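Read the structure below first, then the notes.
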Amino acid sequence: MTPSLRAALNPASVAVIGASENPDKIGGRPLFYLARHGYRGTVFAVNPRRSETQGFPTVPRLADLPVAPEAAIVALPGEAAEQAVAECALMGVKVCVTMSSGFGETGTAEGRAAEARMVAAARATGMRMIGPNAQGVANFGTGAVLSFSSMFIEEPPKDGPVGMVSQSGAMSVVPYGMLRARGIGVRYAHATGNDADVSVAELAAECAADPDLKLLLLYLESIPDPAPLAEAARVARARGLPVVALKSGRTAAGQQAARSHTGALANEDRLVDALLEDLGIWRAEDLRGLVQATEIYLKGWKPRGRRLVAISNSGAVCVMAADAATRLGLEMAPIAESTRAAMRAVLPAFATVTNPIDLTAALLTNSALFSQILPILAGDPAADACLIGLPVAGAAYDVNAFARDTAAFAQTTGLPTVAAIPQRPVAEPFRALGVPVFETEAEAVAALAQVAAHHERMARARDGAPSRPAPPRPAHMLNEADSLALLASAGVTVVKHRLCGTADEAVAAMREIGGPVAVKGCSRDVAHKSELGLVRLGVRDETGVRQAFAALRDVLARHGHAFDGVLVAAMAQGRRELLLGAHLDPQFGPVVVVGDGGKYVEAMPDTAVLLPPFDREALLRALRRLRIAPLLAGVRGEAPMAVEAFADAAVAVGRLVLERAPRITSLDINPLLVGDAGRGCVALDAVVYEEGPGA
């Protein structure tokens with residue numbers, strides 16, 4: 001932990017600049033919290049009109065303090081806030097929490113300039129600044145609550161193993177409130193505001209190093225630089241600490257709202273997905289998803305796989321659990337015949353002993369069924385997780401015994417075991433014994449699926465992150481021949497072809513390649529040849545080649561485009577046209593795009609993005625998420641396609657753009673023709689843009 005940010009989480013002394021006697025004001029609430037939550041450091045208040053504020057000694061100016069505080073809170077408006085930040089820096093304050101608003105988040109030139117001056121003043125002396133427009137930071141392990149949020153009054157704090165770090169003030173405390181309502185303790189609730197200096201990712205890395213933390217939650221509105229987030233993820237993975245992030249701005253409207261909220265830069269959403277997957281961070285869909293699996297994470301379970309066993313006294317719950325499992329990528333584990341035989345000896349004949357296991361209403365008359373069935377199931381190696389569904393219980397059911405049996409099963413097997421119980425009185429004995437409880441089987445299965453998939457993601461995560469490239473210089477387009485040559489040098493199989501400057505050369509090329517051939521106009525000025533009629537397919541004889549050569553040269557001349565020659569290429573055969581491309585993103589660097597190809601790619605996009613470097617397995621996982629995935633695998637008796645060859649081509653493109661970054665600004669292979677498995681794939685056309693002047 002760096003000394004300056006240590007001072008944010010556990011300062012030896014704090015000064016509140018703009019201190020107020022009223023605990024309901026921004027300058028008064030931090031003082032109230034510091035006194036209320038057991039902060040043991042020294043507290044100073046700064047207010048020119050008071051000598052004491054809420055019991056704390058008060059001085060007129062920061063310079064009147066006997067020593068420089070480690071941390072300072074700025075709760076002043078406008079220019080006074082800017083001046084206070086500069087004074088903190090000059091005095092030797094280590095970290096300044098600037099709660100004042102009206103800066104970069106306004107989007108005005110004046111606001112951005114004032115924010116930049118504050119950052120410059122802080123960095124000139126090595127002081128770190130959280131904010132501006134920050135709700136503040138809170139550490140309930142030390143009582144250092146440097147925040148003005150009212151949530152800590154509504155939901156009294158309790159130290160615990162969860163940390164929350166957010167750009168948004170509200171989103172730092174709403175998850176806190178949801179967790180506290182469930183009885184879960186939260187250690188950190190940090191909000192960084194505009195991220196002008198200290199970022200969410202930097203603060204997250206500091207929290208991730210806390211050995212007592214078992215789960216770290218993040219709310220992000222932008223990722224202007226992936227490197228700090230990658231470092232936070234690395235620190236977390238080194239401890240086996242799961243990180244779950246809610247990244248807003250999935251839509252254009254959401255991205256615009258994020259810009260107006262914190263002055264943040266919006267990121268293309270699929271790149272965010274790719275980055276978080278690479279870093280081993282789970283991305284939540286919404287606020288409920290951010291906290292839904294918390295109880296499972298806190299158990300420290302590490303699922304071995306995705307096989308689920310479900311047990312219920314309701315056939316409907318069994319069916320819905322199986323539906324949810326299938327939808328979320330869990331497998332209903334086949335139970336061994338010996339296990340089923342042992343259960344049949346205990347259960348009534350009308351019970352179901354396949355998975356899901358339906359105990360039926362017999363549980364009402366025989367509460368011992370749980371204690372008899374669970375030990376039998378514990379000896380079966382099929383399951384990686386277990387769901388107990390009790391939609392109806394209560395009077396006449398030995399609920400306490402059910403809870404004890406379930407907790408003992410989880411303890412004995414080490415399997416992630418959860419319960420789906422909508423009735424609160426029935427759920428409480430389970431919760432009291434540490435069994436994670438959800439209202440519905442769908443919620444329980446979703447949480448189990450998330451944790452299982454998250455641990456898989458953490459296991460394959462990589463260190464490092466894409467670095468932000470230098471601003472690109474003007475780029476020029478390579479013609480098709482040069483583009484194909486570049487790809488071939490990188491290891492991508494390209495169609496057999498010849499670039500011809502004369503009609504005689506074109507005829508010779510056709511004879512060498514063997515007809516029929518494709519004849520295409522080649523120009524460094526034209527990316528989409530079909531739109532200008534620059535493609536002739538199935539040309540079979542010398543006359544056709546000569547006519548095509550003359551016609552294509554005339555088309556280019558008529559439109560004023562450079563004539564680099566005519567490309568004569570073999571007519572390739574395959575199963576499907578796929579897209580493989582890359583571009584240089586200003587925040588994420590090189591990005592590779594894969595997906596369905598052909599002329600409808602813009603109208604009906606079906607693509608995925610990856611951040612190089614990646615391997616074949618990562619690419620195959622991306623292909624399995626496409627809508628066309630079943631077609632690639634083979635349907636209705638068709639053979640599977642050569643997806644491994646396509647994956648190898650994509651890996652080669654990723655390696656090429658990474659090695660030549662930032663020179664290659666864009667690359668497009670469309671189509672890349674894929675054949676049957678074992679027959680490979682071939683690039684039929686390509687366009688590459690490179691930095692620098694053209695030829």
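Every chain in the structure tokens has a letter given in the order shown (A, B, ...), and although residue numbers restart at 1 in each chain, ligands are simply numbered from 1 in the order shown.
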
Contacts of Asp606 (chain A) within 7 Å, only C-alpha atoms, excl. fewer than 2 positions in-chain, as number ranges by chain = A: 595-596, 604, 626-627

inquiry  = If DSSP is run on the backbone, what residues of region 80-186 of chain A are helix (DSSP H, G or I)? A reply as a PyMOL selection string would be ideal.
reply    = chain A and resi 80-91+104-106+109-125+151-154+170-181

key: Contact residues around region 641-650 of chain A with only C-alpha atoms at 7 Å, ignoring same-chain residues under 2 positions, as a list in words   = Val492, Leu580, Arg616, Leu619, Leu620, Leu632, Ala633, Gly634, Ala639, Ala652, Val653, Gly654, Val674, Gly675, Asp676, Ala677, Gly678, Arg679, Gly680 and Cys681 of chain A

Considering only strand (DSSP E or B) as DSSP defines it on the backbone, what residues of region 37-260 of chain A qualify? List them as a PDB file with N, CA and C atoms, in the first residue's frame.
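What ended up in out-v2.pdb:
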ATOM      1  N   THR A  42      -6.176  11.688  15.359  1.00  0.00           N
ATOM      2  CA  THR A  42      -6.406  13.086  15.737  1.00  0.00           C
ATOM      3  C   THR A  42      -7.294  13.761  14.700  1.00  0.00           C
ATOM      4  N   VAL A  43      -8.263  14.524  15.175  1.00  0.00           N
ATOM      5  CA  VAL A  43      -9.188  15.215  14.285  1.00  0.00           C
ATOM      6  C   VAL A  43      -9.078  16.712  14.516  1.00  0.00           C
ATOM      7  N   PHE A  44      -8.931  17.447  13.434  1.00  0.00           N
ATOM      8  CA  PHE A  44      -8.922  18.910  13.469  1.00  0.00           C
ATOM      9  C   PHE A  44     -10.075  19.424  12.607  1.00  0.00           C
ATOM     10  N   ALA A  45     -10.628  20.543  13.010  1.00  0.00           N
ATOM     11  CA  ALA A  45     -11.638  21.220  12.207  1.00  0.00           C
ATOM     12  C   ALA A  45     -11.107  22.584  11.804  1.00  0.00           C
ATOM     13  N   VAL A  46     -11.459  23.012  10.590  1.00  0.00           N
ATOM     14  CA  VAL A  46     -11.017  24.315  10.089  1.00  0.00           C
ATOM     15  C   VAL A  46     -12.252  25.126   9.731  1.00  0.00           C
ATOM     16  N   GLU A  52     -14.417  25.720  18.268  1.00  0.00           N
ATOM     17  CA  GLU A  52     -14.699  24.306  18.513  1.00  0.00           C
ATOM     18  C   GLU A  52     -15.885  23.909  17.634  1.00  0.00           C
ATOM     19  N   THR A  53     -15.799  22.700  17.058  1.00  0.00           N
ATOM     20  CA  THR A  53     -16.873  22.220  16.185  1.00  0.00           C
ATOM     21  C   THR A  53     -17.172  20.774  16.534  1.00  0.00           C
ATOM     22  N   PHE A  56     -14.610  19.091  18.529  1.00  0.00           N
ATOM     23  CA  PHE A  56     -13.239  19.013  18.026  1.00  0.00           C
ATOM     24  C   PHE A  56     -12.615  20.407  18.002  1.00  0.00           C
ATOM     25  N   PRO A  57     -11.310  20.530  18.336  1.00  0.00           N
ATOM     26  CA  PRO A  57     -10.645  21.833  18.272  1.00  0.00           C
ATOM     27  C   PRO A  57     -10.678  22.381  16.855  1.00  0.00           C
ATOM     28  N   THR A  58     -10.908  23.684  16.734  1.00  0.00           N
ATOM     29  CA  THR A  58     -11.109  24.307  15.429  1.00  0.00           C
ATOM     30  C   THR A  58     -10.189  25.506  15.276  1.00  0.00           C
ATOM     31  N   VAL A  59      -9.559  25.608  14.108  1.00  0.00           N
ATOM     32  CA  VAL A  59      -8.667  26.732  13.808  1.00  0.00           C
ATOM     33  C   VAL A  59      -9.220  27.490  12.614  1.00  0.00           C
ATOM     34  N   ALA A  71      -4.534  13.324   6.325  1.00  0.00           N
ATOM     35  CA  ALA A  71      -5.655  13.404   5.390  1.00  0.00           C
ATOM     36  C   ALA A  71      -6.437  14.677   5.660  1.00  0.00           C
ATOM     37  N   ALA A  72      -6.990  15.235   4.593  1.00  0.00           N
ATOM     38  CA  ALA A  72      -7.821  16.425   4.739  1.00  0.00           C
ATOM     39  C   ALA A  72      -9.073  16.258   3.903  1.00  0.00           C
ATOM     40  N   ILE A  73     -10.176  16.772   4.426  1.00  0.00           N
ATOM     41  CA  ILE A  73     -11.445  16.802   3.706  1.00  0.00           C
ATOM     42  C   ILE A  73     -11.719  18.248   3.319  1.00  0.00           C
ATOM     43  N   VAL A  74     -11.976  18.486   2.034  1.00  0.00           N
ATOM     44  CA  VAL A  74     -12.314  19.828   1.561  1.00  0.00           C
ATOM     45  C   VAL A  74     -13.813  19.866   1.308  1.00  0.00           C
ATOM     46  N   VAL A  95      -3.098  13.002   1.575  1.00  0.00           N
ATOM     47  CA  VAL A  95      -4.234  12.742   0.700  1.00  0.00           C
ATOM     48  C   VAL A  95      -5.351  13.705   1.044  1.00  0.00           C
ATOM     49  N   CYS A  96      -5.992  14.224  -0.002  1.00  0.00           N
ATOM     50  CA  CYS A  96      -7.053  15.208   0.164  1.00  0.00           C
ATOM     51  C   CYS A  96      -8.329  14.651  -0.465  1.00  0.00           C
ATOM     52  N   VAL A  97      -9.417  14.609   0.308  1.00  0.00           N
ATOM     53  CA  VAL A  97     -10.713  14.163  -0.190  1.00  0.00           C
ATOM     54  C   VAL A  97     -11.527  15.410  -0.508  1.00  0.00           C
ATOM     55  N   THR A  98     -11.695  15.690  -1.795  1.00  0.00           N
ATOM     56  CA  THR A  98     -12.369  16.914  -2.224  1.00  0.00           C
ATOM     57  C   THR A  98     -13.820  16.602  -2.536  1.00  0.00           C
ATOM     58  N   ARG A 128      -1.957  13.141  -3.014  1.00  0.00           N
ATOM     59  CA  ARG A 128      -2.983  12.516  -3.833  1.00  0.00           C
ATOM     60  C   ARG A 128      -4.335  13.134  -3.499  1.00  0.00           C
ATOM     61  N   MET A 129      -5.163  13.295  -4.540  1.00  0.00           N
ATOM     62  CA  MET A 129      -6.479  13.888  -4.352  1.00  0.00           C
ATOM     63  C   MET A 129      -7.559  12.912  -4.789  1.00  0.00           C
ATOM     64  N   ILE A 130      -8.511  12.671  -3.926  1.00  0.00           N
ATOM     65  CA  ILE A 130      -9.714  11.906  -4.255  1.00  0.00           C
ATOM     66  C   ILE A 130     -10.811  12.913  -4.576  1.00  0.00           C
ATOM     67  N   GLY A 136     -16.737  10.621  -0.753  1.00  0.00           N
ATOM     68  CA  GLY A 136     -15.741  10.336   0.265  1.00  0.00           C
ATOM     69  C   GLY A 136     -15.450   8.862   0.414  1.00  0.00           C
ATOM     70  N   VAL A 137     -14.598   8.552   1.376  1.00  0.00           N
ATOM     71  CA  VAL A 137     -14.167   7.179   1.628  1.00  0.00           C
ATOM     72  C   VAL A 137     -14.526   6.808   3.059  1.00  0.00           C
ATOM     73  N   ALA A 138     -14.742   5.512   3.271  1.00  0.00           N
ATOM     74  CA  ALA A 138     -15.125   5.042   4.609  1.00  0.00           C
ATOM     75  C   ALA A 138     -14.464   3.700   4.871  1.00  0.00           C
ATOM     76  N   ASN A 139     -13.779   3.609   6.012  1.00  0.00           N
ATOM     77  CA  ASN A 139     -13.167   2.361   6.473  1.00  0.00           C
ATOM     78  C   ASN A 139     -13.759   2.055   7.840  1.00  0.00           C
ATOM     79  N   ALA A 144     -12.300   5.344  10.201  1.00  0.00           N
ATOM     80  CA  ALA A 144     -11.929   6.499   9.383  1.00  0.00           C
ATOM     81  C   ALA A 144     -12.994   6.695   8.304  1.00  0.00           C
ATOM     82  N   VAL A 145     -14.076   7.360   8.695  1.00  0.00           N
ATOM     83  CA  VAL A 145     -15.205   7.570   7.791  1.00  0.00           C
ATOM     84  C   VAL A 145     -15.130   9.013   7.301  1.00  0.00           C
ATOM     85  N   LEU A 146     -14.493   9.211   6.152  1.00  0.00           N
ATOM     86  CA  LEU A 146     -14.303  10.540   5.571  1.00  0.00           C
ATOM     87  C   LEU A 146     -15.337  10.718   4.468  1.00  0.00           C
ATOM     88  N   SER A 147     -16.591  10.706   4.845  1.00  0.00           N
ATOM     89  CA  SER A 147     -17.702  10.680   3.894  1.00  0.00           C
ATOM     90  C   SER A 147     -18.865  11.477   4.463  1.00  0.00           C
ATOM     91  N   VAL A 162     -16.367  -7.419   3.113  1.00  0.00           N
ATOM     92  CA  VAL A 162     -16.706  -6.939   1.776  1.00  0.00           C
ATOM     93  C   VAL A 162     -16.223  -5.501   1.625  1.00  0.00           C
ATOM     94  N   GLY A 163     -15.665  -5.194   0.469  1.00  0.00           N
ATOM     95  CA  GLY A 163     -15.277  -3.826   0.142  1.00  0.00           C
ATOM     96  C   GLY A 163     -16.026  -3.347  -1.080  1.00  0.00           C
ATOM     97  N   MET A 164     -16.405  -2.060  -1.093  1.00  0.00           N
ATOM     98  CA  MET A 164     -17.118  -1.456  -2.214  1.00  0.00           C
ATOM     99  C   MET A 164     -16.378  -0.194  -2.629  1.00  0.00           C
ATOM    100  N   VAL A 165     -15.970  -0.127  -3.894  1.00  0.00           N
ATOM    101  CA  VAL A 165     -15.280   1.054  -4.416  1.00  0.00           C
ATOM    102  C   VAL A 165     -16.014   1.499  -5.674  1.00  0.00           C
ATOM    103  N   SER A 166     -16.321   2.786  -5.760  1.00  0.00           N
ATOM    104  CA  SER A 166     -17.212   3.275  -6.807  1.00  0.00           C
ATOM    105  C   SER A 166     -16.801   4.661  -7.268  1.00  0.00           C
ATOM    106  N   VAL A 186     -19.631  -4.736   6.051  1.00  0.00           N
ATOM    107  CA  VAL A 186     -18.897  -4.103   4.959  1.00  0.00           C
ATOM    108  C   VAL A 186     -17.766  -3.274   5.560  1.00  0.00           C
ATOM    109  N   ARG A 187     -16.559  -3.507   5.091  1.00  0.00           N
ATOM    110  CA  ARG A 187     -15.424  -2.736   5.618  1.00  0.00           C
ATOM    111  C   ARG A 187     -15.251  -1.408   4.898  1.00  0.00           C
ATOM    112  N   TYR A 188     -15.297  -1.421   3.568  1.00  0.00           N
ATOM    113  CA  TYR A 188     -15.002  -0.213   2.795  1.00  0.00           C
ATOM    114  C   TYR A 188     -16.212   0.216   1.980  1.00  0.00           C
ATOM    115  N   ALA A 189     -16.440   1.517   1.941  1.00  0.00           N
ATOM    116  CA  ALA A 189     -17.446   2.107   1.054  1.00  0.00           C
ATOM    117  C   ALA A 189     -16.851   3.407   0.527  1.00  0.00           C
ATOM    118  N   HIS A 190     -16.169   3.315  -0.607  1.00  0.00           N
ATOM    119  CA  HIS A 190     -15.402   4.435  -1.153  1.00  0.00           C
ATOM    120  C   HIS A 190     -16.047   4.966  -2.424  1.00  0.00           C
ATOM    121  N   ALA A 191     -16.060   6.287  -2.562  1.00  0.00           N
ATOM    122  CA  ALA A 191     -16.546   6.929  -3.782  1.00  0.00           C
ATOM    123  C   ALA A 191     -15.514   7.953  -4.228  1.00  0.00           C
ATOM    124  N   LEU A 215     -14.339 -10.322  -0.532  1.00  0.00           N
ATOM    125  CA  LEU A 215     -15.049  -9.979  -1.768  1.00  0.00           C
ATOM    126  C   LEU A 215     -14.890  -8.488  -1.998  1.00  0.00           C
ATOM    127  N   LEU A 216     -14.562  -8.127  -3.248  1.00  0.00           N
ATOM    128  CA  LEU A 216     -14.410  -6.723  -3.613  1.00  0.00           C
ATOM    129  C   LEU A 216     -15.405  -6.397  -4.720  1.00  0.00           C
ATOM    130  N   LEU A 217     -16.220  -5.364  -4.500  1.00  0.00           N
ATOM    131  CA  LEU A 217     -17.226  -4.929  -5.462  1.00  0.00           C
ATOM    132  C   LEU A 217     -16.813  -3.575  -6.039  1.00  0.00           C
ATOM    133  N   LEU A 218     -17.036  -3.395  -7.338  1.00  0.00           N
ATOM    134  CA  LEU A 218     -16.671  -2.150  -8.010  1.00  0.00           C
ATOM    135  C   LEU A 218     -17.856  -1.625  -8.812  1.00  0.00           C
ATOM    136  N   TYR A 219     -17.993  -0.288  -8.830  1.00  0.00           N
ATOM    137  CA  TYR A 219     -18.902   0.354  -9.761  1.00  0.00           C
ATOM    138  C   TYR A 219     -18.074   1.294 -10.625  1.00  0.00           C
ATOM    139  N   LEU A 220     -18.120   1.079 -11.936  1.00  0.00           N
ATOM    140  CA  LEU A 220     -17.293   1.826 -12.872  1.00  0.00           C
ATOM    141  C   LEU A 220     -18.171   2.531 -13.890  1.00  0.00           C
ATOM    142  N   VAL A 243     -13.404 -10.432  -7.514  1.00  0.00           N
ATOM    143  CA  VAL A 243     -13.786  -9.045  -7.786  1.00  0.00           C
ATOM    144  C   VAL A 243     -14.984  -9.069  -8.725  1.00  0.00           C
ATOM    145  N   VAL A 244     -16.060  -8.408  -8.321  1.00  0.00           N
ATOM    146  CA  VAL A 244     -17.273  -8.299  -9.140  1.00  0.00           C
ATOM    147  C   VAL A 244     -17.472  -6.828  -9.467  1.00  0.00           C
ATOM    148  N   ALA A 245     -17.671  -6.517 -10.740  1.00  0.00           N
ATOM    149  CA  ALA A 245     -17.799  -5.126 -11.163  1.00  0.00           C
ATOM    150  C   ALA A 245     -19.119  -4.897 -11.874  1.00  0.00           C
ATOM    151  N   LEU A 246     -19.718  -3.753 -11.592  1.00  0.00           N
ATOM    152  CA  LEU A 246     -20.867  -3.262 -12.348  1.00  0.00           C
ATOM    153  C   LEU A 246     -20.368  -2.087 -13.164  1.00  0.00           C
ATOM    154  N   LYS A 247     -20.287  -2.280 -14.483  1.00  0.00           N
ATOM    155  CA  LYS A 247     -19.833  -1.210 -15.385  1.00  0.00           C
ATOM    156  C   LYS A 247     -21.046  -0.675 -16.115  1.00  0.00           C
TER     157      LYS A 247
END

Nearby residues (only C-alpha atoms) at most 12 Å from Thr543 (chain A), same-chain spacing under 3 positions excluded, as a list in words = Ala503, Asp504, Ala506, Val507, Met510, Val539, Arg540, Arg546, Gln547, Ala548, Phe549 and Ala550 of chain A

inquiry  = Which residue is closest to Arg424 (chain A)? Choose from A:Gln411, A:Ala316, A:Pro391, A:Ala113 and count only C-alpha atoms.
reply    = A:Pro391

ask   = Smallest atom-to-atom distance to Val346 (chain A): which of A:Asn366, A:Ser13, A:Thr406, A:Asn479, using only C-alpha atoms?
value =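 Looking only at the distances to Val346 (chain A), the closest residue turns out to be A:Asn366.
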
All residues 12 Å or closer to Val451 (chain A), only C-alpha atoms, same chain fewer than 4 positions away omitted, as a PyMOL selection string = chain A and resi 215+242-244+280-284+289-306+328-330+384-385+416-417+444-447+455-458

inquiry  = List the spatial neighbours of Leu34 (chain A) as a VMD selection string - criterion: any atom at most 7 Å away, only C-alpha atoms, same-chain residues fewer than 3 positions off excluded.
reply    = chain A and resid 30 to 31 37 to 39 143 to 145

key: Near-region 682-690 of chain A list (10 Å; only C-alpha atoms; drop same-chain fewer than 6 positions) as a ChimeraX atom specification   = /A:472-488,492-497,524,526-528,569-574,577-583,645-646,649,660-675

task = Could you jot down the CA of Leu631 (chain A) to CA of Ala608 (chain A) separation for me, Å, one decimal place?
result =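 Computed distance, CA of Leu631 (chain A) to CA of Ala608 (chain A), equals 16.1 Å.
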
One-decimal distance in Å that lies between CA of Gly18 (chain A) and CA of Ala75 (chain A) =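 Value for the CA of Ala75 (chain A)-CA of Gly18 (chain A) distance: 5.1 Å.
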